[in-house]
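Asker: A single structure is presented below for examination.
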Amino acid sequence: MPELPEAETIVRGLRRSVVGRRIRRVEVMHPDVLRAPLRAFARAARSRTVEDVGRRGKNVLLFLSEDGVLAVNLGMTGRLLPFTGVPRGNERPTHPVVRFLFDDGGMLVFEDQRRFGTVEVLDTAGWAARDARMGPEPLGPAFTADVLARALGGSRSPVRSWLLDQRRIAGIGNIYAVEALHRAGIHPLRRSRELDAGEARRLHGAIRSVLRAAIRHGGTTIRDYRNVDGGEGEYRSLLRVYGREGEPCPRCGTPVARAVLSNRSAYFCPACQPAPERI
DNA sequence: AGTGTATCCTGCAGGC
DNA sequence: TGCCTGCAGGATACAC
């Protein structure tokens, strides 16, 4: 679920609410989301203070005192919900997975219905190694049209698959890959290296503008995504093709089509995004 | 190198 | 009402 704009929205919310709070105790309801043994995880998180909150790709990062990085990948249905006290009634998370209890009596709850998410604590060096395996931040200064064009040039894979590969570019998931390709007028099945310079430039611009617009609207809620206040993202109504098979393309009116690629739906306009010669 | 497939897990919508 | 299938915003391992 959450892609870069949703993770960014969560990060901005957490920055207001958890910085400066100290973790007193960690409770793990479902150890399967951990990438380390339970005891090691609890030891690494306990008695540390949240000093800052950041994001890398789709990962939410809590920088902890004493050289710790708490990295949360939200998977499909993960949420991070901060509370000033003990949650009651209908504010109580329905699928709590990990609870971080703070000194002040409040807590941060990671809940995740499907438990595809992961939670781990690394040291700075461990995080740096992970970071190095990820592609550039699409909204960062290093991600230029030339950088994108060159990176695409080496790959034979369909451009939609390329965009989902976090080692190539960090933070893009199926919704925004599909939306960016529509804005750029590029068919999802086009081979990456066959895009010309103009197409790469359009794709670069489309990626940045769609991600920025989604952040401005607090991300996209299809079903499960919630921000730190439990609220929904408002970008869904602005999606042009994602989840809109059969509806008219907002640019030309042609019915939106759907193709399955690597077992995942790719939506596109057959008129605005011409199919490659050979599929 | 890249792709299809399966896997982790839960819940919902739709067809019958 | 129940049962079945397919589908879902992610990531990874495997065989080919």
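Quick note on naming: the chains in the structure tokens go A, B, ... in the order shown, residues restart at 1 in each chain, and ligands are numbered from 1 in order of appearance.
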Show me, as a list in words, every residue of chain A with an atom at most 10 Å from chain C, counting only C-alpha atoms (C1' of nucleotides).
Answerer: Met1, Pro2, Glu3, Glu6, Lys58, Asn73, Leu74, Gly75, Met76, Thr77, Phe116, Gly117, Leu164, Asp165, Gln166, Gly173, Asn174, Ile175, Tyr176, Thr220, Thr221, Ile222, Arg223, Asp224, Tyr225, Arg264 and Ser265 of chain A
Asker: Please report, as an MDAnalysis selection string, each residue of stretch 81-224 of chain A to which DSSP assigns strand (DSSP E) when run on this structure's backbone.
Answerer: chainID A and resid 81:83 96:102 107:112 118:123
Asker: Using only C-alpha atoms (C1' of nucleotides), I'd like every residue of chain A that has an atom within 7 Å of chain B; please write them out as a PyMOL selection string.
Answerer: chain A and resi 113-116+157+262
Asker: Could you save the residues just selected, with C-alpha atoms, as a PDB file, in the first residue's frame?
Answerer:
```pdb
ATOM      1  CA  GLN A 113      -3.593  -6.377   8.981  1.00  0.00           C
ATOM      2  CA  ARG A 114      -1.708  -8.517   6.482  1.00  0.00           C
ATOM      3  CA  ARG A 115       1.695  -8.332   8.175  1.00  0.00           C
ATOM      4  CA  PHE A 116       3.674  -7.860   4.992  1.00  0.00           C
ATOM      5  CA  SER A 157      12.566  -4.794 -18.663  1.00  0.00           C
ATOM      6  CA  SER A 262       4.298  -9.632 -13.241  1.00  0.00           C
TER       7      SER A 262
END
```
Asker: What does the distance from atom CA of A:Ile169 to atom CA of A:Gly57 come to in Å, to one decimal?
Answerer: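 Taking atom CA of A:Ile169 and atom CA of A:Gly57, their separation equals 8.1 Å.
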Asker: Among stretch 65-265 of chain A, which ones does DSSP assign to helix (DSSP H, G or I) (computed from the backbone)? Answer as a VMD selection string.
Answerer: chain A and resid 89 to 91 124 to 132 145 to 153 159 to 164 174 to 184 192 to 194 197 to 216 236 to 238
Asker: Within 8 Å of stretch 32-37 of chain A, counting only C-alpha atoms (C1' of nucleotides), which residues show up once you throw out same-chain ones fewer than 2 positions away? Write them as an MDAnalysis selection string, please.
Answerer: chainID A and resid 30 39:41 97 115:120
